[in-house]
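As stored in entry.txt (compact mmCIF, C-alpha atoms):
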```txt
# COMPACT_ATOMS: atom_id res chain seq x y z
CA GLU A 240 -38.18 -21.66 2.78
CA PRO A 241 -39.38 -24.88 1.09
CA THR A 242 -43.04 -24.91 0.21
CA ASN A 243 -43.70 -28.69 0.61
CA ARG A 244 -43.70 -28.77 4.42
CA ASN A 245 -45.67 -27.19 7.23
CA VAL A 246 -44.24 -23.96 8.58
CA PRO A 247 -43.80 -24.22 12.37
CA PRO A 248 -45.90 -21.83 14.44
CA VAL A 249 -44.31 -18.46 15.17
CA GLY A 250 -42.69 -18.42 18.60
CA SER A 251 -42.79 -22.23 18.97
CA ARG A 252 -39.87 -24.43 20.01
CA GLU A 253 -39.78 -25.90 16.50
CA GLU A 254 -39.32 -22.52 14.87
CA GLU A 255 -36.66 -21.60 17.40
CA LEU A 256 -34.62 -24.73 16.59
CA PHE A 257 -35.10 -24.36 12.87
CA THR A 258 -33.99 -20.71 12.76
CA ALA A 259 -31.26 -20.97 15.38
CA ARG A 260 -28.58 -21.60 12.78
CA SER A 261 -28.97 -18.11 11.30
CA GLN A 262 -28.99 -16.19 14.57
CA PRO A 263 -25.84 -14.30 15.69
CA ALA A 264 -24.03 -15.12 18.91
CA GLN A 265 -25.76 -13.75 21.99
CA PRO A 266 -24.19 -10.78 23.75
CA PRO A 267 -22.65 -11.27 27.22
CA ARG A 268 -25.31 -11.42 29.95
CA THR A 269 -25.29 -9.87 33.37
CA SER A 270 -25.10 -12.05 36.48
CA PRO A 271 -28.90 -11.96 37.25
CA GLU A 272 -29.78 -12.74 33.63
CA LYS A 273 -27.24 -15.54 33.56
CA ALA A 274 -28.55 -17.15 36.77
CA LYS A 275 -32.13 -17.04 35.48
CA LEU A 276 -31.15 -18.57 32.15
CA LEU A 277 -29.20 -21.40 33.80
CA LYS A 278 -32.21 -22.24 36.00
CA GLU A 279 -34.54 -22.39 32.97
CA MET A 280 -32.18 -24.66 31.08
CA GLU A 281 -31.73 -27.07 34.00
CA SER A 282 -35.52 -27.47 34.31
CA THR A 283 -35.90 -28.63 30.71
CA SER A 284 -36.44 -32.40 30.57
CA PRO A 285 -35.09 -34.69 27.81
CA SER A 286 -38.60 -35.91 26.95
CA THR A 287 -39.71 -32.32 26.32
CA VAL A 288 -36.85 -31.83 23.89
CA LEU A 289 -37.67 -35.01 22.01
CA GLU A 290 -41.36 -34.17 21.80
CA GLU A 291 -40.55 -30.72 20.40
CA VAL A 292 -37.97 -31.91 17.90
CA LYS A 293 -39.77 -34.97 16.48
CA PRO A 294 -42.78 -33.11 14.94
CA LEU A 295 -40.40 -30.76 13.20
CA SER A 296 -38.19 -33.57 11.90
CA ALA A 297 -41.17 -35.46 10.55
CA SER A 298 -42.26 -32.51 8.43
CA ILE A 299 -38.87 -32.13 6.70
CA THR A 300 -37.77 -34.28 3.77
CA GLN A 301 -34.20 -35.42 3.17
CA GLU A 302 -33.91 -33.09 0.14
CA GLU A 303 -34.85 -30.13 2.29
CA LEU A 304 -32.32 -31.17 4.92
CA LYS A 305 -29.32 -30.99 2.56
CA PRO A 306 -28.83 -27.21 2.60
CA LEU A 307 -29.67 -27.18 6.32
CA SER A 308 -27.03 -29.79 7.16
CA ALA A 309 -24.44 -28.03 5.00
CA SER A 310 -24.69 -24.98 7.26
CA THR A 311 -23.27 -27.01 10.17
CA THR A 312 -19.98 -27.33 8.20
CA GLN A 313 -20.01 -31.09 8.91
CA GLU A 314 -20.20 -33.93 6.41
CA VAL A 315 -23.58 -35.66 6.68
CA VAL A 316 -23.91 -39.25 5.46
CA ASP A 317 -27.09 -41.29 6.07
CA LYS A 318 -28.19 -39.30 9.12
CA ASP A 319 -31.80 -39.02 10.15
CA SER A 320 -33.53 -35.68 10.46
CA ILE A 321 -33.46 -35.63 14.28
CA SER A 322 -29.66 -35.84 14.45
CA ILE A 323 -29.30 -33.18 11.75
CA ILE A 324 -31.59 -30.78 13.58
CA SER A 325 -29.70 -31.45 16.80
CA GLU A 326 -26.43 -30.56 15.08
CA VAL A 327 -27.90 -27.27 13.97
CA ALA A 328 -29.05 -26.57 17.52
CA MET A 329 -25.68 -27.57 18.98
CA ALA A 330 -23.85 -25.43 16.45
CA GLU A 331 -25.77 -22.49 17.83
CA VAL A 332 -24.98 -23.54 21.39
CA ALA A 333 -21.30 -23.52 20.46
CA LYS A 334 -21.66 -19.88 19.46
CA VAL A 335 -22.35 -18.88 23.03
CA GLU A 336 -19.17 -17.39 24.43
CA ASP A 337 -20.17 -18.09 28.06
CA SER A 338 -19.03 -21.69 28.69
CA GLU A 339 -21.43 -22.23 31.61
CA ILE A 340 -24.47 -21.25 29.56
CA ALA A 341 -23.26 -23.38 26.63
CA LYS A 342 -22.95 -26.44 28.82
CA ALA A 343 -26.35 -25.85 30.42
CA ALA A 344 -27.98 -25.49 27.01
CA ALA A 345 -26.44 -28.77 25.88
CA LYS A 346 -27.56 -30.89 28.86
CA PRO A 347 -31.16 -31.59 27.68
CA LEU A 348 -29.91 -32.51 24.21
CA GLU A 349 -27.28 -34.85 25.66
CA ALA A 350 -29.84 -36.53 27.91
CA ALA A 351 -32.19 -37.01 24.96
CA GLY A 352 -29.41 -38.82 23.10
CA LEU A 353 -29.23 -36.25 20.34
CA VAL A 354 -25.56 -35.33 20.92
CA GLN A 355 -22.59 -37.09 22.42
CA GLU A 356 -20.60 -34.24 23.94
CA THR A 357 -20.97 -30.61 24.94
CA PRO A 358 -19.64 -28.23 22.27
CA THR A 359 -16.86 -25.84 23.17
CA TYR A 360 -16.81 -22.28 21.92
CA VAL A 361 -13.73 -21.73 19.79
CA PRO A 362 -13.34 -18.18 18.46
CA VAL A 363 -12.47 -18.03 14.77
CA PRO A 364 -9.06 -16.35 14.52
CA GLU A 365 -8.79 -13.35 12.25
CA ALA A 366 -6.77 -13.75 9.09
CA SER A 367 -3.17 -12.89 9.91
CA ARG A 368 -0.43 -11.58 7.61
CA THR A 369 2.97 -13.19 7.49
CA ALA A 370 5.64 -10.70 8.52
CA PRO A 371 8.08 -9.92 5.68
CA LYS A 372 11.62 -11.26 5.93
CA THR A 373 13.44 -7.98 5.42
CA ASP A 374 15.79 -5.88 7.51
CA ASN A 375 14.59 -2.66 5.87
CA LEU A 376 12.84 -0.66 8.61
CA TYR A 377 11.02 1.62 6.15
CA ALA A 378 9.60 -1.31 4.18
CA LYS A 379 8.51 -3.03 7.39
CA LEU A 380 6.68 0.07 8.61
CA ALA A 381 4.99 0.56 5.23
CA TRP A 382 3.86 -3.08 5.28
CA ARG A 383 2.62 -2.83 8.86
CA PHE A 384 0.45 0.18 8.03
CA GLU A 385 -0.81 -1.64 4.90
CA LEU A 386 0.89 0.78 2.51
CA LEU A 387 2.60 -2.17 0.82
CA PRO A 388 0.96 -5.46 -0.19
CA ASP A 389 2.44 -8.75 1.00
CA ASP A 390 3.88 -9.53 -2.45
CA SER A 391 5.52 -6.14 -3.07
CA PRO A 392 9.10 -6.46 -4.39
CA LEU A 393 10.08 -3.62 -2.05
CA LEU A 394 9.86 -6.19 0.78
CA THR A 395 12.53 -8.41 -0.77
CA THR A 396 14.81 -6.15 -2.82
CA ASN A 397 18.29 -5.13 -1.71
CA MET A 398 18.33 -1.92 -3.76
CA VAL A 399 19.76 1.13 -2.04
CA GLY A 400 17.40 3.97 -1.16
CA ASN A 401 14.43 1.70 -0.53
CA LYS A 402 12.06 3.69 1.70
CA GLY A 403 9.11 1.35 1.19
CA PHE A 404 7.26 4.09 -0.69
CA ASP A 405 4.94 2.73 -3.36
CA PRO A 406 1.41 3.62 -2.19
CA ALA A 407 -0.05 3.21 -5.67
CA GLY A 408 1.50 -0.26 -6.07
CA PHE A 409 3.21 0.43 -9.40
CA ALA A 410 6.05 -2.07 -8.85
CA LYS A 411 4.56 -5.56 -8.88
CA THR A 412 7.65 -7.56 -9.90
CA ASP A 413 11.42 -7.25 -9.50
CA GLU A 414 11.73 -6.44 -13.20
CA GLN A 415 9.21 -3.59 -12.93
CA LEU A 416 11.02 -2.30 -9.86
CA ARG A 417 14.31 -2.13 -11.78
CA GLU A 418 12.59 -0.27 -14.62
CA TYR A 419 11.10 2.29 -12.24
CA ARG A 420 14.46 2.74 -10.51
CA GLU A 421 16.05 3.32 -13.91
CA ALA A 422 13.45 6.01 -14.67
CA GLU A 423 13.94 7.58 -11.24
CA LEU A 424 17.70 7.83 -11.75
CA LYS A 425 17.25 9.41 -15.19
CA HIS A 426 14.84 12.02 -13.86
CA GLY A 427 17.10 12.68 -10.90
CA ARG A 428 20.15 13.25 -13.10
CA LEU A 429 18.23 15.57 -15.40
CA ALA A 430 16.88 17.45 -12.37
CA MET A 431 20.39 17.92 -10.96
CA LEU A 432 21.59 19.33 -14.29
CA ALA A 433 18.46 21.48 -14.61
CA SER A 434 18.74 22.91 -11.09
CA ALA A 435 22.34 23.98 -11.67
CA GLY A 436 21.64 25.11 -15.23
CA TRP A 437 18.55 27.14 -14.30
CA VAL A 438 20.35 29.20 -11.67
CA GLY A 439 23.52 29.43 -13.75
CA ALA A 440 21.59 30.74 -16.77
CA GLU A 441 19.91 33.50 -14.78
CA LEU A 442 23.25 34.54 -13.28
CA LEU A 443 25.52 34.26 -16.33
CA HIS A 444 23.36 34.39 -19.45
CA PRO A 445 23.06 38.21 -19.64
CA LEU A 446 26.85 38.51 -19.43
CA LEU A 447 27.51 35.71 -21.92
CA ALA A 448 24.94 37.08 -24.36
CA LYS A 449 26.54 40.51 -24.16
CA VAL A 450 30.06 39.16 -24.68
CA SER A 451 29.08 36.91 -27.59
CA GLY A 452 26.64 39.36 -29.13
CA ALA A 453 23.86 36.75 -29.02
CA GLN A 454 20.22 37.34 -28.22
CA ASP A 455 19.27 37.49 -24.54
CA LEU A 456 16.70 34.70 -24.13
CA LEU A 457 15.71 35.49 -20.54
CA GLN A 458 12.05 36.41 -20.09
CA LEU A 459 10.74 39.65 -18.62
CA GLY A 460 9.90 39.63 -14.94
CA ALA A 461 7.79 41.92 -12.76
CA SER A 462 10.63 44.48 -12.82
CA GLY A 463 10.34 44.81 -16.59
CA VAL A 464 13.85 43.50 -17.32
CA PRO A 465 14.88 40.06 -18.69
CA GLU A 466 15.58 37.82 -15.74
CA LYS A 467 13.65 34.50 -15.96
CA VAL A 468 14.78 31.34 -17.71
CA PRO A 469 12.52 30.14 -20.59
CA SER A 470 10.24 27.35 -19.42
CA LEU A 471 6.70 26.02 -19.78
CA LEU A 472 5.47 28.38 -17.05
CA ASN A 473 7.70 31.35 -17.88
CA GLY A 474 7.25 31.05 -21.65
CA GLY A 475 9.94 31.80 -24.21
CA LEU A 476 10.67 28.23 -25.33
CA ASP A 477 9.72 29.23 -28.89
CA GLN A 478 12.68 31.62 -28.90
CA VAL A 479 15.23 28.86 -28.25
CA PRO A 480 17.13 28.08 -31.50
CA ALA A 481 15.98 24.95 -33.33
CA LEU A 482 19.58 23.73 -33.48
CA PHE A 483 19.54 23.34 -29.67
CA TRP A 484 16.53 21.01 -29.78
CA ILE A 485 17.97 18.97 -32.67
CA VAL A 486 21.28 18.41 -30.91
CA THR A 487 19.60 17.62 -27.57
CA LEU A 488 17.17 15.07 -29.01
CA THR A 489 19.89 13.44 -31.16
CA LEU A 490 22.22 12.95 -28.20
CA ALA A 491 19.41 11.64 -26.00
CA GLY A 492 18.34 9.16 -28.70
CA ALA A 493 21.92 7.95 -29.22
CA VAL A 494 22.24 7.21 -25.51
CA GLU A 495 18.82 5.55 -25.13
CA MET A 496 18.58 3.43 -28.29
CA PRO A 497 20.94 0.65 -27.17
CA ARG A 498 18.91 0.17 -23.96
CA LEU A 499 15.48 0.50 -25.54
CA GLY A 500 13.22 -2.42 -24.57
CA ALA A 501 15.89 -4.07 -22.43
CA SER A 502 15.41 -4.68 -18.72
CA PRO A 503 18.32 -3.02 -16.92
CA SER A 504 20.37 -5.45 -14.83
CA THR A 505 21.91 -2.50 -12.99
CA PRO A 506 19.55 0.50 -13.18
CA GLY A 507 21.22 3.69 -14.33
CA ASN A 508 24.51 2.05 -15.33
CA TYR A 509 25.55 3.53 -18.68
CA GLY A 510 29.25 2.86 -18.18
CA PHE A 511 29.91 6.61 -17.95
CA ASP A 512 32.69 7.12 -15.40
CA PRO A 513 35.41 9.23 -17.09
CA LEU A 514 37.09 10.07 -13.76
CA GLY A 515 36.99 6.47 -12.53
CA ILE A 516 35.29 7.46 -9.28
CA TYR A 517 32.93 4.49 -9.21
CA SER A 518 35.16 1.90 -10.87
CA ASN A 519 38.08 2.67 -8.54
CA THR A 520 35.92 2.44 -5.41
CA GLU A 521 35.91 -0.76 -3.37
CA GLU A 522 32.84 -2.92 -3.85
CA LYS A 523 31.65 -2.48 -0.26
CA TYR A 524 31.60 1.32 -0.65
CA ARG A 525 29.87 1.47 -4.03
CA SER A 526 26.41 1.25 -2.51
CA ARG A 527 27.18 4.49 -0.66
CA LEU A 528 27.91 6.26 -3.95
CA GLN A 529 24.69 4.88 -5.45
CA LEU A 530 22.70 6.12 -2.46
CA GLN A 531 24.29 9.58 -2.63
CA GLU A 532 23.39 9.94 -6.29
CA LEU A 533 19.84 8.72 -5.68
CA ASN A 534 19.24 11.07 -2.74
CA ASN A 535 20.69 14.07 -4.57
CA GLY A 536 18.53 13.26 -7.58
CA ARG A 537 15.38 13.06 -5.46
CA LEU A 538 16.21 16.37 -3.81
CA ALA A 539 16.92 17.97 -7.19
CA MET A 540 13.53 16.86 -8.57
CA LEU A 541 11.80 18.61 -5.69
CA ALA A 542 14.07 21.65 -6.05
CA ILE A 543 13.55 22.20 -9.77
CA ALA A 544 9.79 21.88 -9.38
CA ALA A 545 9.83 24.39 -6.52
CA ILE A 546 11.96 26.83 -8.55
CA ALA A 547 9.61 26.70 -11.54
CA VAL A 548 6.49 27.23 -9.41
CA LYS A 549 8.04 30.00 -7.33
CA GLU A 550 9.16 31.98 -10.36
CA TYR A 551 5.69 31.66 -11.87
CA GLN A 552 3.99 32.83 -8.68
CA LEU A 553 6.35 35.73 -7.92
CA ASP A 554 7.03 36.69 -11.56
CA THR A 555 10.69 37.14 -10.78
CA SER A 556 13.85 35.06 -11.11
CA ILE A 557 14.84 32.67 -8.36
CA VAL A 558 18.19 34.44 -7.90
CA LYS A 559 16.33 37.65 -7.05
CA ALA A 560 13.64 35.92 -5.01
CA ASP A 561 16.27 34.22 -2.81
CA PRO A 562 19.33 36.50 -2.92
CA GLN A 563 20.78 35.01 0.28
CA LEU A 564 21.33 31.77 -1.64
CA PHE A 565 22.66 33.10 -4.93
CA THR A 566 23.77 36.75 -4.93
CA GLU A 567 24.43 37.84 -1.36
CA GLY A 568 25.49 34.75 0.59
CA PRO A 569 28.81 32.88 0.91
CA LEU A 570 28.27 31.00 -2.36
CA ALA A 571 27.70 34.28 -4.19
CA ASN A 572 30.97 35.68 -2.84
CA ILE A 573 32.82 32.63 -4.11
CA GLY A 574 31.25 33.04 -7.53
CA LYS A 575 32.09 36.71 -7.65
CA SER A 576 35.71 35.93 -6.75
CA ILE A 577 35.95 33.39 -9.57
CA LEU A 578 34.43 35.79 -12.09
CA SER A 579 36.70 38.62 -11.00
CA GLY A 580 39.67 36.35 -11.68
CA PHE A 581 38.58 36.26 -15.32
CA GLY A 582 38.13 40.01 -15.40
CA MET A 583 34.33 39.80 -15.33
```
Translate the structure of the given file into C-alpha cells.
Amino acid sequence: EPTNRNVPPVGSREEELFTARSQPAQPPRTSPEKAKLLKEMESTSPSTVLEEVKPLSASITQEELKPLSASTTQEVVDKDSISIISEVAMAEVAKVEDSEIAKAAAKPLEAAGLVQETPTYVPVPEASRTAPKTDNLYAKLAWRFELLPDDSPLLTTNMVGNKGFDPAGFAKTDEQLREYREAELKHGRLAMLASAGWVGAELLHPLLAKVSGAQDLLQLGASGVPEKVPSLLNGGLDQVPALFWIVTLTLAGAVEMPRLGASPSTPGNYGFDPLGIYSNTEEKYRSRLQLQELNNGRLAMLAIAAIAVKEYQLDTSIVKADPQLFTEGPLANIGKSILSGFGM
C-alpha cells in the first residue's frame, strides 16, 4: 500500500470499500441470510454512503488512484476520486451472482449519485476450443480428449491410416508428418520382411546349411541344439559373414541416397512395382492398397518385437514355442507338402 496516505481503520467502511476490489465473489446465501442482508442494505441511507466515502477519497492522491482505477478494467480520464472509488465498489457488487442482492447493494450508491445504473453479473465464459474441420473420427476423439493440439496436422491431413495418434506431438507441420509417415512405412516394410525371414530361417536354415555344406548360424536354445536366429538378444551376429553386411548396407545406401534430404511428396513411393499391382489399380482404389500396406507394416513391427522378446525370455525358437502356428497347424502342413514336392 502507498505510504503517503492514512491507512483506514481496520473494520471500517473505508477499509471495506478500499479492499473490496480484491475480494472473491461471495458464495450463494441461504434464504434467511439473504433476507437479512437485503434488509440491511435497504436501511443504508445515501448520506451515510457519502460521509463514509469522502474521507477515504480525500486521503488518496491521483497518482495512488491510477493502479486502483486500472483494476476496474475501465478507462479513466479526468475522474475524481469519489467516482473512482464508487466504480471499484460497483465492480465488486457486479461479482455477486445473486441479482437481488446486487441490486440492493447498488441502491445506496445510486441514490448518492455515485453510479448511474445497477451492474449486472455477467459470468466470464471459459476459453473454448474451435472444433476441427475433419471427418476423421479418430482425430476428432483424440482432439476432444486433448491428445492432439489444435494446430496438429493430423486434424487436417487426408493421409490413409490416420488414427489421430501423436501423444508426444512429434508432427508439427505437414512436411514433418510426411517425413514420419515415410519412416513408418520403411520400418513396416522391414518388419514384414524380418517377420517372414525370422521364422523362415529357423524352419529352413538347418536344412539349407546341410545341403550347401555351410555353417549353421542358429544359436543354441534351452534344449542344447541350434534353433534361434542370430539377433541382438539371442547373440550370434558376430558369426554372420562380413560380405552379408557389406552387400546389405550398399543396397540400402543406393536406394536411400537419391531421397536423402528431400521431403517426400508421396511417402514410401520408390517407384518399385514390378508386377504393376499399384499402377494398374484405379485411382479410387489405391488408397485401399496404401492402407493395407500400412496396417500390415504396423502389425509386423509389433510381431517382430514380440518374437524377439519371447525367444529371449523362453530361450527357445519361436517355431518351437508356438508349434500350432508354424509346425503343427494348417500352415505347417502346407509347407510340408511344398517341401515334399522338392524331395525334402
For a quick check of your reading of the model, name the residues lying within 9 Å of the coordinate (12.0, 29.3, -19.5), counting all atoms listed in the file, and write them as an mmCIF file with C-alpha atoms, keeping the file's coordinate frame.
```
data_model
loop_
_atom_site.group_PDB
_atom_site.id
_atom_site.type_symbol
_atom_site.label_atom_id
_atom_site.label_comp_id
_atom_site.auth_asym_id
_atom_site.auth_seq_id
_atom_site.Cartn_x
_atom_site.Cartn_y
_atom_site.Cartn_z
ATOM 1 C CA TRP A 437 18.550 27.140 -14.300
ATOM 2 C CA LEU A 456 16.700 34.700 -24.130
ATOM 3 C CA LEU A 457 15.710 35.490 -20.540
ATOM 4 C CA GLN A 458 12.050 36.410 -20.090
ATOM 5 C CA LYS A 467 13.650 34.500 -15.960
ATOM 6 C CA VAL A 468 14.780 31.340 -17.710
ATOM 7 C CA PRO A 469 12.520 30.140 -20.590
ATOM 8 C CA SER A 470 10.240 27.350 -19.420
ATOM 9 C CA LEU A 471 6.700 26.020 -19.780
ATOM 10 C CA LEU A 472 5.470 28.380 -17.050
ATOM 11 C CA ASN A 473 7.700 31.350 -17.880
ATOM 12 C CA GLY A 474 7.250 31.050 -21.650
ATOM 13 C CA GLY A 475 9.940 31.800 -24.210
ATOM 14 C CA LEU A 476 10.670 28.230 -25.330
ATOM 15 C CA ALA A 547 9.610 26.700 -11.540
#
```
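Relative to CA of Glu385 (chain A), CA of Asn534 (chain A) is found at 24.9 Å.
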Quick check, in Å to one decimal: how far apart do CA of Glu521 (chain A) and CA of Ser504 (chain A) lie?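 Taking CA of Glu521 (chain A) as the start and CA of Ser504 (chain A) as the end point, the length is 19.9 Å.
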Which is closer to Leu459 (chain A) than all the others in A:Arg417, A:Thr396, A:Glu441, A:Pro562, using all atoms listed in the file?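 Checking each of A:Arg417, A:Thr396, A:Glu441, A:Pro562 against Leu459 (chain A), counting all atoms listed in the file, the winner is A:Glu441.
If you look at CA of Asn572 (chain A) and CA of Ile516 (chain A), they are 29.3 Å away from each other.
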The residue from A:Leu446, A:Val464, A:Leu528, A:Leu424 with the smallest atom-to-atom distance to Asp554 (chain A), counting only C-alpha atoms, is A:Val464
Here is a test: counting all atoms listed in the file, which residue of A:Ala453, A:Leu447, A:Ala378, A:Val438 is nearest to Leu564 (chain A)?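 Looking at the shortest contact to Leu564 (chain A), the residue is A:Val438.
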Which protein, DNA or RNA residues are at most 12 Å from (15.0, 8.6, -15.7) in the file's coordinates when you count only C-alpha atoms, listed as an NGL selection string? :A and (417-431 or 491 or 495 or 506-508 or 533 or 536-537 or 540)
Can you work out which one of A:Ala370, A:Leu442, A:Ile543, A:Leu538 has the shortest atom-to-atom distance to Asp390 (chain A), counting only C-alpha atoms? A:Ala370
